[in-house]
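Engineer: To be precise about what I am sending: the file is called model25.txt and holds compact mmCIF, C-alpha atoms and all ligand atoms.
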```txt
# COMPACT_ATOMS: atom_id res chain seq x y z
CA MET A 63 37.05 2.16 -16.36
CA THR A 64 35.10 -1.05 -16.64
CA LYS A 65 31.40 -0.88 -16.37
CA SER A 66 29.97 -3.29 -13.84
CA PRO A 67 27.27 -5.44 -15.37
CA VAL A 68 23.74 -4.48 -14.48
CA ARG A 69 22.35 -7.21 -12.25
CA ARG A 70 18.84 -8.02 -13.18
CA THR A 71 16.75 -10.01 -10.80
CA ARG A 72 13.95 -11.85 -12.46
CA PHE A 73 11.13 -10.42 -10.50
CA ILE A 74 7.52 -11.27 -11.10
CA ASP A 75 5.10 -8.37 -10.89
CA PRO A 76 2.17 -9.98 -9.11
CA PHE A 77 -0.05 -6.95 -9.75
CA GLN A 78 -0.17 -7.66 -13.50
CA PRO A 79 -3.53 -9.04 -14.69
CA ALA A 80 -2.12 -12.37 -15.89
CA GLU A 81 -0.38 -12.94 -12.53
CA ILE A 82 -3.49 -11.94 -10.60
CA ARG A 83 -5.51 -14.49 -12.55
CA ARG A 84 -2.87 -17.16 -12.04
CA LEU A 85 -2.74 -16.55 -8.28
CA VAL A 86 -6.53 -16.64 -7.95
CA LYS A 87 -6.55 -19.91 -9.84
CA GLU A 88 -3.96 -21.34 -7.48
CA PHE A 89 -5.11 -19.89 -4.13
CA GLY A 90 -8.77 -19.04 -4.65
CA SER A 91 -10.61 -15.85 -3.81
CA PRO A 92 -10.59 -13.50 -1.96
CA LEU A 93 -6.85 -12.82 -1.94
CA LEU A 94 -4.56 -10.20 -0.60
CA ILE A 95 -1.49 -10.24 -2.85
CA LEU A 96 1.50 -8.92 -0.95
CA ASP A 97 4.55 -8.03 -3.03
CA CYS A 98 7.74 -8.10 -0.94
CA GLU A 99 9.62 -6.33 -3.72
CA ARG A 100 7.33 -3.35 -3.21
CA VAL A 101 7.94 -3.60 0.56
CA ARG A 102 11.67 -3.29 -0.22
CA VAL A 103 11.09 -0.31 -2.51
CA GLN A 104 8.99 1.48 0.13
CA PHE A 105 11.54 0.75 2.85
CA ARG A 106 14.40 2.09 0.70
CA LYS A 107 12.48 5.21 -0.31
CA LEU A 108 11.76 6.09 3.32
CA ARG A 109 15.34 5.34 4.36
CA LYS A 110 16.56 7.69 1.63
CA ALA A 111 14.07 10.36 2.69
CA LEU A 112 15.20 10.08 6.33
CA PRO A 113 18.94 9.37 6.26
CA GLY A 114 20.41 8.26 9.57
CA VAL A 115 17.01 7.37 11.04
CA ASP A 116 16.54 3.75 12.13
CA LEU A 117 13.26 2.46 10.75
CA HIS A 118 11.25 0.21 13.07
CA TYR A 119 8.43 -1.29 11.03
CA ALA A 120 5.23 -1.22 13.15
CA LEU A 121 3.62 -4.65 12.69
CA LYS A 122 0.06 -3.52 13.41
CA PRO A 123 -1.06 -2.59 9.85
CA MET A 124 0.05 -5.93 8.35
CA PRO A 125 1.53 -8.46 10.78
CA HIS A 126 2.74 -10.86 8.11
CA PRO A 127 5.92 -12.98 8.35
CA SER A 128 7.07 -11.99 4.85
CA VAL A 129 7.00 -8.31 5.71
CA VAL A 130 8.97 -8.97 8.89
CA HIS A 131 11.59 -11.02 7.01
CA THR A 132 11.84 -8.43 4.23
CA VAL A 133 12.27 -5.48 6.61
CA ILE A 134 14.89 -7.34 8.66
CA ALA A 135 16.78 -8.37 5.49
CA GLU A 136 16.86 -4.68 4.49
CA GLY A 137 18.60 -3.87 7.78
CA GLY A 138 15.43 -2.56 9.39
CA PHE A 139 14.05 -2.88 12.91
CA LEU A 140 10.63 -3.68 14.38
CA ASP A 141 8.07 -1.95 16.54
CA LEU A 142 6.01 -4.40 18.59
CA ALA A 143 2.98 -3.52 20.68
CA THR A 144 1.40 -6.75 21.90
CA THR A 145 2.29 -10.19 23.21
CA GLY A 146 0.94 -11.67 19.97
CA GLU A 147 3.39 -9.59 17.94
CA VAL A 148 6.23 -10.58 20.27
CA GLN A 149 5.34 -14.25 19.78
CA LEU A 150 5.21 -13.83 16.00
CA VAL A 151 8.68 -12.32 15.66
CA GLU A 152 10.11 -14.75 18.22
CA ARG A 153 8.80 -17.62 16.11
CA LEU A 154 10.41 -16.03 13.04
CA GLY A 155 13.79 -15.96 14.77
CA VAL A 156 14.19 -12.17 14.80
CA ALA A 157 16.92 -10.84 17.11
CA PRO A 158 15.23 -9.10 20.07
CA GLU A 159 17.81 -6.30 19.92
CA ARG A 160 16.12 -5.19 16.72
CA CYS A 161 12.77 -4.73 18.48
CA ILE A 162 11.21 -2.14 20.73
CA HIS A 163 7.85 -2.41 22.49
CA THR A 164 5.77 0.74 22.07
CA HIS A 165 2.35 0.14 23.60
CA PRO A 166 1.95 2.83 26.26
CA ILE A 167 -0.41 0.63 28.35
CA LYS A 168 0.66 -2.94 29.10
CA ARG A 169 -0.30 -5.73 31.48
CA GLU A 170 2.53 -6.98 33.72
CA GLN A 171 2.40 -10.20 31.72
CA ASP A 172 2.90 -8.35 28.41
CA ILE A 173 6.02 -6.71 29.83
CA LEU A 174 7.30 -10.06 31.12
CA ASN A 175 6.62 -11.80 27.79
CA ALA A 176 8.49 -9.12 25.85
CA MET A 177 11.39 -9.12 28.33
CA LYS A 178 11.62 -12.91 28.24
CA PHE A 179 12.02 -12.68 24.47
CA GLY A 180 14.76 -10.10 25.05
CA VAL A 181 13.13 -6.73 24.32
CA ARG A 182 14.65 -4.00 26.45
CA THR A 183 13.09 -0.75 25.33
CA PHE A 184 9.49 0.04 26.29
CA VAL A 185 7.20 3.03 26.09
CA ALA A 186 5.30 4.61 29.00
CA ASP A 187 3.21 7.75 29.16
CA ASN A 188 1.91 8.02 32.73
CA PRO A 189 2.99 7.46 36.36
CA ASP A 190 1.21 4.11 36.83
CA GLU A 191 2.87 2.68 33.74
CA VAL A 192 6.31 4.01 34.73
CA ARG A 193 5.94 2.34 38.15
CA LYS A 194 5.44 -1.04 36.45
CA PHE A 195 9.13 -0.90 35.53
CA ALA A 196 10.47 -0.20 39.04
CA ARG A 197 10.97 -3.93 39.72
CA HIS A 198 12.85 -4.55 36.48
CA GLY A 199 15.89 -2.42 37.35
CA ALA A 200 18.45 -2.08 34.60
CA SER A 201 16.95 -4.80 32.40
CA ALA A 202 14.44 -2.34 30.91
CA GLU A 203 14.64 1.22 29.71
CA LEU A 204 11.93 3.63 28.68
CA LEU A 205 10.92 6.02 26.00
CA LEU A 206 8.36 8.45 27.41
CA ARG A 207 5.59 9.16 24.94
CA VAL A 208 4.55 12.77 24.60
CA SER A 209 1.24 13.83 23.13
CA PHE A 210 0.89 16.41 20.38
CA ARG A 211 -2.66 16.74 19.21
CA SER A 212 -3.12 16.50 15.46
CA PRO A 213 -6.69 17.29 14.46
CA GLY A 214 -5.49 17.46 10.81
CA ALA A 215 -4.43 13.80 10.63
CA VAL A 216 -6.86 11.23 9.34
CA CYS A 217 -6.27 9.21 12.51
CA ASP A 218 -5.24 11.36 15.48
CA LEU A 219 -3.23 9.08 17.77
CA SER A 220 -2.36 11.69 20.35
CA ARG A 221 -5.73 11.81 22.05
CA LYS A 222 -5.68 8.28 23.34
CA PHE A 223 -1.99 8.13 24.24
CA GLY A 224 0.86 10.34 25.36
CA CYS A 225 1.56 12.66 28.27
CA ASP A 226 1.12 16.41 28.00
CA PRO A 227 4.44 18.14 27.26
CA GLU A 228 3.97 20.16 30.51
CA ASP A 229 3.85 16.95 32.54
CA LEU A 230 6.86 15.30 30.91
CA LEU A 231 9.56 16.46 33.29
CA ALA A 232 7.53 15.34 36.32
CA LEU A 233 7.17 11.91 34.72
CA ALA A 234 10.92 11.81 34.00
CA ARG A 235 11.64 12.74 37.63
CA LEU A 236 9.44 9.90 38.83
CA ALA A 237 11.34 7.45 36.63
CA ALA A 238 14.68 8.78 37.91
CA ASP A 239 13.50 8.50 41.55
CA LEU A 240 12.52 4.88 40.94
CA GLY A 241 15.90 4.13 39.36
CA ILE A 242 14.39 3.46 35.92
CA GLY A 243 16.56 4.36 32.96
CA VAL A 244 14.95 6.69 30.45
CA ARG A 245 16.42 6.49 26.99
CA GLY A 246 14.43 9.33 25.49
CA LEU A 247 11.09 10.45 24.13
CA SER A 248 8.63 9.26 21.54
CA PHE A 249 5.56 10.62 19.82
CA HIS A 250 3.10 9.59 17.14
CA VAL A 251 1.33 12.52 15.57
CA GLY A 252 -1.31 10.41 13.81
CA SER A 253 -1.51 8.24 10.76
CA GLN A 254 -1.68 9.36 7.12
CA ALA A 255 -0.49 12.88 8.01
CA MET A 256 -1.19 15.55 5.37
CA ASP A 257 2.26 17.13 5.73
CA SER A 258 5.12 16.90 8.19
CA ALA A 259 4.40 20.16 10.06
CA LYS A 260 3.19 18.27 13.12
CA HIS A 261 6.20 15.94 13.11
CA VAL A 262 8.51 18.98 12.95
CA GLU A 263 6.67 20.79 15.74
CA ALA A 264 6.77 17.69 17.93
CA LEU A 265 10.44 17.13 17.14
CA HIS A 266 11.39 20.67 18.23
CA ALA A 267 9.33 20.40 21.41
CA CYS A 268 10.89 17.02 22.25
CA ALA A 269 14.42 18.28 21.59
CA LYS A 270 13.81 21.04 24.18
CA LEU A 271 12.33 18.61 26.70
CA MET A 272 15.23 16.19 26.22
CA ALA A 273 17.77 18.98 26.79
CA ALA A 274 15.93 20.05 29.97
CA ALA A 275 15.82 16.45 31.24
CA ARG A 276 19.53 16.02 30.54
CA ARG A 277 20.34 19.23 32.40
CA GLU A 278 18.47 17.82 35.40
CA LYS A 279 20.37 14.51 34.92
CA LEU A 280 17.12 12.56 34.75
CA GLY A 281 18.48 9.92 32.37
CA ALA A 282 20.32 9.36 29.11
CA PHE A 283 17.72 11.12 26.93
CA ASP A 284 19.72 10.37 23.81
CA THR A 285 16.97 8.71 21.70
CA LEU A 286 14.09 10.36 19.90
CA ASP A 287 11.36 8.25 18.34
CA ILE A 288 9.40 10.26 15.79
CA GLY A 289 6.70 7.60 15.31
CA GLY A 290 4.86 6.79 12.10
CA GLY A 291 2.21 8.60 10.11
CA PHE A 292 3.99 8.73 6.73
CA PRO A 293 1.27 9.00 4.07
CA ILE A 294 0.56 7.04 0.90
CA ASP A 295 -1.64 7.55 -2.16
CA TYR A 296 -5.18 6.21 -1.97
CA ALA A 297 -7.95 7.58 -4.16
CA GLN A 298 -6.40 10.94 -3.13
CA PRO A 299 -2.71 11.37 -3.98
CA VAL A 300 -0.33 12.80 -1.36
CA GLN A 301 3.10 14.49 -1.36
CA ASP A 302 5.87 12.13 -2.34
CA ILE A 303 7.89 10.94 0.64
CA SER A 304 11.06 12.87 -0.07
CA ARG A 305 9.11 16.12 -0.19
CA PHE A 306 7.05 15.15 2.84
CA CYS A 307 10.25 14.52 4.81
CA ALA A 308 12.23 17.59 3.62
CA PRO A 309 11.22 19.80 6.60
CA LEU A 310 11.91 16.86 8.89
CA ARG A 311 15.40 16.45 7.48
CA THR A 312 16.11 20.12 8.20
CA ALA A 313 14.84 19.72 11.77
CA LEU A 314 16.77 16.49 12.32
CA ALA A 315 20.02 18.12 11.18
CA LYS A 316 19.75 20.58 14.09
CA LEU A 317 19.58 17.87 16.76
CA PRO A 318 22.69 17.28 18.88
CA GLN A 319 25.00 14.69 17.29
CA ARG A 320 24.58 12.13 20.06
CA VAL A 321 20.80 11.86 19.64
CA ARG A 322 19.78 8.63 17.93
CA VAL A 323 16.60 9.05 15.94
CA ILE A 324 14.21 6.25 15.17
CA ALA A 325 10.86 6.12 13.36
CA GLU A 326 7.98 3.64 13.40
CA PRO A 327 6.53 3.51 9.89
CA GLY A 328 3.68 1.12 9.30
CA ARG A 329 1.34 2.21 6.53
CA TYR A 330 4.11 3.63 4.35
CA ILE A 331 5.94 0.30 4.20
CA VAL A 332 3.00 -2.01 3.49
CA GLY A 333 0.13 0.10 2.16
CA PRO A 334 1.15 0.24 -1.52
CA SER A 335 2.68 -3.25 -1.31
CA ALA A 336 -0.57 -5.21 -1.52
CA ILE A 337 -3.71 -5.40 -3.61
CA GLY A 338 -6.99 -7.01 -2.68
CA VAL A 339 -8.60 -9.34 -5.19
CA ALA A 340 -12.27 -10.26 -4.78
CA SER A 341 -14.70 -12.13 -7.03
CA VAL A 342 -18.24 -11.30 -8.00
CA MET A 343 -20.44 -13.92 -6.25
CA GLY A 344 -23.63 -12.75 -7.88
CA ARG A 345 -25.45 -9.67 -9.08
CA ALA A 346 -28.88 -8.09 -9.04
CA ARG A 347 -30.52 -5.10 -10.69
CA ARG A 348 -32.00 -2.80 -8.08
CA GLU A 349 -33.63 0.54 -8.86
CA GLY A 350 -32.09 0.62 -12.31
CA HIS A 351 -28.51 -0.17 -11.22
CA TRP A 352 -26.38 -3.27 -11.11
CA TRP A 353 -25.42 -4.40 -7.64
CA TYR A 354 -22.41 -6.72 -7.57
CA TYR A 355 -21.90 -8.86 -4.48
CA LEU A 356 -18.23 -9.67 -3.84
CA ASP A 357 -16.66 -12.32 -1.63
CA ASP A 358 -14.80 -9.60 0.32
CA GLY A 359 -16.23 -6.47 1.89
CA LEU A 360 -16.39 -4.09 4.83
CA TYR A 361 -16.18 -6.91 7.34
CA GLY A 362 -13.13 -8.26 5.50
CA SER A 363 -10.23 -6.53 3.73
CA TYR A 364 -12.31 -3.40 3.16
CA SER A 365 -12.69 -2.94 6.94
CA GLY A 366 -10.14 -0.14 6.58
CA GLN A 367 -12.85 1.94 4.96
CA LEU A 368 -14.55 2.00 8.36
CA TYR A 369 -11.71 1.81 10.89
CA ASP A 370 -9.00 3.58 8.92
CA HIS A 371 -11.20 5.98 6.92
CA ALA A 372 -9.41 4.88 3.74
CA ARG A 373 -10.85 4.84 0.21
CA TYR A 374 -9.14 2.24 -1.95
CA PRO A 375 -9.07 2.71 -5.71
CA VAL A 376 -11.13 -0.25 -7.01
CA GLU A 377 -11.25 -1.46 -10.58
CA PRO A 378 -12.48 -4.57 -12.36
CA LEU A 379 -9.72 -6.66 -13.88
CA ARG A 380 -11.66 -6.98 -17.14
CA ASP A 381 -12.10 -3.65 -18.87
CA SER A 382 -14.70 -2.47 -21.34
CA ALA A 383 -15.47 0.87 -22.93
CA GLU A 384 -19.07 0.98 -21.82
CA ARG A 385 -19.47 1.78 -18.15
CA LEU A 386 -22.54 2.16 -15.98
CA PRO A 387 -23.04 3.52 -12.48
CA SER A 388 -22.92 0.43 -10.27
CA VAL A 389 -22.75 -0.67 -6.64
CA LEU A 390 -20.07 -2.93 -5.15
CA ALA A 391 -21.28 -4.73 -2.04
CA GLY A 392 -19.62 -7.11 0.39
CA PRO A 393 -20.83 -10.67 0.97
CA THR A 394 -22.45 -10.43 4.41
CA CYS A 395 -26.15 -10.06 5.13
CA ASP A 396 -25.60 -6.69 6.79
CA SER A 397 -26.81 -3.62 4.92
CA ILE A 398 -23.80 -1.53 5.98
CA ASP A 399 -21.57 -3.89 3.98
CA VAL A 400 -21.30 -1.79 0.81
CA ILE A 401 -17.85 -0.95 -0.59
CA ALA A 402 -18.77 1.72 -3.12
CA GLU A 403 -21.85 3.18 -4.78
CA ASN A 404 -22.06 5.13 -8.01
CA LEU A 405 -18.91 3.52 -9.31
CA MET A 406 -18.62 3.54 -13.11
CA LEU A 407 -18.12 -0.12 -14.03
CA PRO A 408 -18.45 -2.28 -17.12
CA GLU A 409 -21.20 -4.89 -16.87
CA LEU A 410 -19.79 -7.68 -14.73
CA LYS A 411 -20.86 -11.25 -14.12
CA ALA A 412 -20.28 -13.90 -11.49
CA GLY A 413 -16.61 -14.85 -11.30
CA ASP A 414 -15.27 -11.50 -12.52
CA LEU A 415 -12.40 -10.15 -10.45
CA ILE A 416 -12.28 -6.79 -8.69
CA VAL A 417 -8.91 -5.35 -7.64
CA GLY A 418 -8.44 -2.87 -4.80
CA ARG A 419 -5.14 -0.93 -4.78
CA ALA A 420 -3.08 0.25 -1.80
CA MET A 421 -4.63 -2.40 0.41
CA GLY A 422 -1.63 -3.53 2.44
CA ALA A 423 -2.21 -1.46 5.58
CA TYR A 424 -5.06 -1.73 8.10
CA THR A 425 -7.12 -3.98 5.81
CA TRP A 426 -6.55 -7.69 6.33
CA ALA A 427 -5.24 -6.81 9.82
CA SER A 428 -8.64 -5.54 10.94
CA ALA A 429 -10.78 -7.99 8.93
CA SER A 430 -13.22 -10.27 10.73
CA GLU A 431 -14.97 -13.47 9.69
CA PHE A 432 -18.45 -12.10 10.34
CA ASN A 433 -21.20 -14.28 8.88
CA PHE A 434 -18.47 -16.97 8.48
CA PHE A 435 -17.05 -15.37 5.36
CA PRO A 436 -13.35 -16.22 5.69
CA LYS A 437 -10.71 -13.52 5.64
CA ALA A 438 -8.77 -13.14 2.39
CA THR A 439 -5.81 -15.48 1.97
CA VAL A 440 -2.58 -13.50 2.02
CA VAL A 441 -0.25 -14.56 -0.77
CA ALA A 442 3.24 -13.13 -0.37
CA VAL A 443 5.29 -12.95 -3.56
CA ASN A 444 8.99 -12.13 -4.19
CA GLY A 445 9.72 -12.96 -0.57
CA LYS A 446 13.44 -13.66 -0.43
CA PRO A 447 16.14 -11.95 -2.48
CA GLY A 448 17.20 -14.34 -5.23
CA ASP A 449 14.04 -16.34 -4.71
CA THR A 450 12.07 -13.84 -6.70
CA GLY A 451 9.07 -15.86 -7.71
CA SER A 452 8.32 -17.40 -4.32
CA VAL A 453 4.78 -17.50 -3.09
CA THR A 454 3.57 -18.19 0.43
CA ALA A 455 -0.01 -18.37 1.48
CA PHE A 456 -0.82 -17.32 5.06
CA PRO A 457 -1.81 -18.66 7.53
CA LEU A 458 0.63 -21.45 6.80
C1 LIG A 501 0.07 2.25 14.52
C2 LIG A 501 1.36 2.74 15.06
C3 LIG A 501 2.43 3.01 14.20
C4 LIG A 501 2.32 2.94 12.69
O1 LIG A 501 1.71 4.10 12.24
P1 LIG A 501 1.55 4.41 10.67
O2 LIG A 501 0.76 5.64 10.64
O3 LIG A 501 0.89 3.24 10.06
O4 LIG A 501 2.93 4.63 10.13
C5 LIG A 501 3.63 3.39 14.75
N1 LIG A 501 3.77 3.49 16.09
C6 LIG A 501 2.78 3.25 16.95
C7 LIG A 501 3.02 3.39 18.40
C8 LIG A 501 1.54 2.88 16.47
O5 LIG A 501 0.53 2.65 17.31
```
Translate this structure into structure tokens?
Structural biologist:
Amino acid sequence: MTKSPVRRTRFIDPFQPAEIRRLVKEFGSPLLILDCERVRVQFRKLRKALPGVDLHYALKPMPHPSVVHTVIAEGGFLDLATTGEVQLVERLGVAPERCIHTHPIKREQDILNAMKFGVRTFVADNPDEVRKFARHGASAELLLRVSFRSPGAVCDLSRKFGCDPEDLLALARLAADLGIGVRGLSFHVGSQAMDSAKHVEALHACAKLMAAARREKLGAFDTLDIGGGFPIDYAQPVQDISRFCAPLRTALAKLPQRVRVIAEPGRYIVGPSAIGVASVMGRARREGHWWYYLDDGLYGSYSGQLYDHARYPVEPLRDSAERLPSVLAGPTCDSIDVIAENLMLPELKAGDLIVGRAMGAYTWASASEFNFFPKATVVAVNGKPGDTGSVTAFPL
């Protein structure tokens, strides 16, 4: 037996201190360094943890072209929710058959824009929204989103969207009466779930509802979309993805063969794939502590600390044995703009770099330019297979 040679791709680790410094020199500060190789690793880990499930990357946490290209090159699919996201992937030349549109509430124009691009599958969760599809006949099909409350999740997404399980069959009957094809059901139990108990519970409930709808001949009901919510390590570590998904795999194995299962991971794909790099703009001693003012903060990449309730592990790039309790503040003139207090840091000076880990999801995406401090430049590295050292700054 001949051993096949190990193929080594020369791949630059952009999270290494020397690379971070080099990228800041080239692109300035603040940066969000996005490593497409890590996107690939995350995608493959989730695919292995959920065999047979089609992964539709949800663009919302990091709508960056390099992530879209990387996911598509891995054989993945996309989950779009807005006209802006439709326009982005259209511009990138993505095949519309690889996309679904999952916003439960859409303007007529959003539906038309997505359909013009070629998207066929949409989500609805109430009678008014279902009726919007009556005029589109066979050119659109629906997933009906069901709500399963998840008070345990960091972000409960089932309060704002989804129909009560008790109302689902009535909604399916309405769609059938209007001649609208229903492909199946979807749910999203909430982001950064602690464990998969809620996913499993929702999956069982949906399997029963789909069987009941099929018995009534209300539509195909052969697709189940289990949403996103797959967790990642922040300051607090979580279960690894294979363990998280183990109960889900057991539940999935019991579904009828013909049911196609899809998922909509967002955070899991991009969260660990980027770091934030900010510079100290200046410092002051206040009440016996050093305050360091960075060029990125709560109105920028650290906005996830407010909107997403995340706590990113932050560390200075330059280390030193002696550490003092210190404050890291953002650049704006607003007093709420403080990233962390009582952080043990070496004494820093203007120009020193601060690195935030696990900052790919819901960070840059929700940043603003309040006080005219520009959003971090996204630098995507290792973008195309074979082109391992490539770097693209965004917006181009
Ligand atoms: C935000 C969102 C996702 C992604 O959720 P994650 O928790 O980041 O995986 C998936 N689907 C829908 C409909 C969403 O709104």
Engineer: With only C-alpha atoms counted and 12 Å as the cut-off, give the residues of segment 135-179 of chain A in contact with segment 223-228 of chain A, each with its shortest interatomic distance in Å and the pair that gives it, as a tab-separated table.
Structural biologist:
```
residue	atom	partner	partner_atom	distance
A:Thr164	CA	A:Phe223	CA	10.9
A:His165	CA	A:Phe223	CA	9.1
A:Pro166	CA	A:Phe223	CA	6.9
A:Ile167	CA	A:Phe223	CA	8.7
```
Engineer: May I have the selected residues written with C-alpha atoms, as a PDB file, keeping the file's coordinate frame?
Structural biologist:
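Listing of part_22.pdb after writing:
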```
ATOM      1  CA  THR A 164       5.770   0.740  22.070  1.00  0.00           C
ATOM      2  CA  HIS A 165       2.350   0.140  23.600  1.00  0.00           C
ATOM      3  CA  PRO A 166       1.950   2.830  26.260  1.00  0.00           C
ATOM      4  CA  ILE A 167      -0.410   0.630  28.350  1.00  0.00           C
TER       5      ILE A 167
END
```
Engineer: Record the distance separating atom CA of Pro408 of chain A and atom CA of Pro378 of chain A, expressed in Å with one decimal.
Structural biologist: 8.0 Å
Engineer: Give me, as JSON lines, each residue of chain A that comes within 7 Å of ligand LIG 501 (chain A), together with its shortest interatomic pair and the distance in Å at one decimal, counting all atoms listed in the file, with rows ordered by chain and rising residue number.
Structural biologist:
```
{"residue": "A:Ala120", "atom": "CA", "partner": "A:LIG501", "partner_atom": "C4", "distance": 5.1}
{"residue": "A:Lys122", "atom": "CA", "partner": "A:LIG501", "partner_atom": "C1", "distance": 5.9}
{"residue": "A:Pro123", "atom": "CA", "partner": "A:LIG501", "partner_atom": "O3", "distance": 6.2}
{"residue": "A:Asp141", "atom": "CA", "partner": "A:LIG501", "partner_atom": "N1", "distance": 6.9}
{"residue": "A:Thr164", "atom": "CA", "partner": "A:LIG501", "partner_atom": "C7", "distance": 5.3}
{"residue": "A:His165", "atom": "CA", "partner": "A:LIG501", "partner_atom": "C7", "distance": 6.2}
{"residue": "A:His250", "atom": "CA", "partner": "A:LIG501", "partner_atom": "N1", "distance": 6.2}
{"residue": "A:Gly252", "atom": "CA", "partner": "A:LIG501", "partner_atom": "O2", "distance": 6.1}
{"residue": "A:Ser253", "atom": "CA", "partner": "A:LIG501", "partner_atom": "O2", "distance": 3.5}
{"residue": "A:Gln254", "atom": "CA", "partner": "A:LIG501", "partner_atom": "O2", "distance": 5.7}
{"residue": "A:Gly289", "atom": "CA", "partner": "A:LIG501", "partner_atom": "N1", "distance": 5.1}
{"residue": "A:Gly290", "atom": "CA", "partner": "A:LIG501", "partner_atom": "O4", "distance": 3.5}
{"residue": "A:Gly291", "atom": "CA", "partner": "A:LIG501", "partner_atom": "O2", "distance": 3.3}
{"residue": "A:Phe292", "atom": "CA", "partner": "A:LIG501", "partner_atom": "O4", "distance": 5.4}
{"residue": "A:Glu326", "atom": "CA", "partner": "A:LIG501", "partner_atom": "C5", "distance": 4.6}
{"residue": "A:Pro327", "atom": "CA", "partner": "A:LIG501", "partner_atom": "O4", "distance": 3.8}
{"residue": "A:Gly328", "atom": "CA", "partner": "A:LIG501", "partner_atom": "O3", "distance": 3.6}
{"residue": "A:Arg329", "atom": "CA", "partner": "A:LIG501", "partner_atom": "O3", "distance": 3.7}
{"residue": "A:Tyr330", "atom": "CA", "partner": "A:LIG501", "partner_atom": "O4", "distance": 6.0}
```
Engineer: My list of candidates is A:Arg305, A:Arg320, A:Lys411, A:His118. Which is closest to Asp287 of chain A when distances are computed with only C-alpha atoms?
Structural biologist: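 That would be A:His118, the residue with the smallest distance to Asp287 of chain A.
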Engineer: Hey, which of A:Asp414, A:Glu409, A:Asp302, A:Glu136 ends up closest to Val86 of chain A? Count all atoms listed in the file.
Structural biologist: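 Of all the options, A:Asp414 lies closest to Val86 of chain A.
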Engineer: Can you work out the spacing between atom CA of Lys168 of chain A and atom CA of Ala238 of chain A in Å, to one decimal?
Structural biologist: 20.3 Å
Engineer: Which protein, DNA or RNA residues have an atom at most 10 Å from (3.2, -9.3, 17.9), counting all atoms listed in the file? List them as a VMD selection string.
Structural biologist: chain A and resid 120 to 122 125 to 126 140 to 152 163 176
Engineer: Under the rule that only C-alpha atoms are counted, which of A:Phe77, A:Pro318, A:Leu230, A:Leu117 is the nearest residue to Gly137 of chain A?
Structural biologist: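 Nearest to Gly137 of chain A: A:Leu117.
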Engineer: For a quick check of understanding, using all atoms listed in the file, which of A:Val339, A:Ile134, A:Cys307, A:Leu407 has the smallest distance to Phe89 of chain A?
Structural biologist: A:Val339
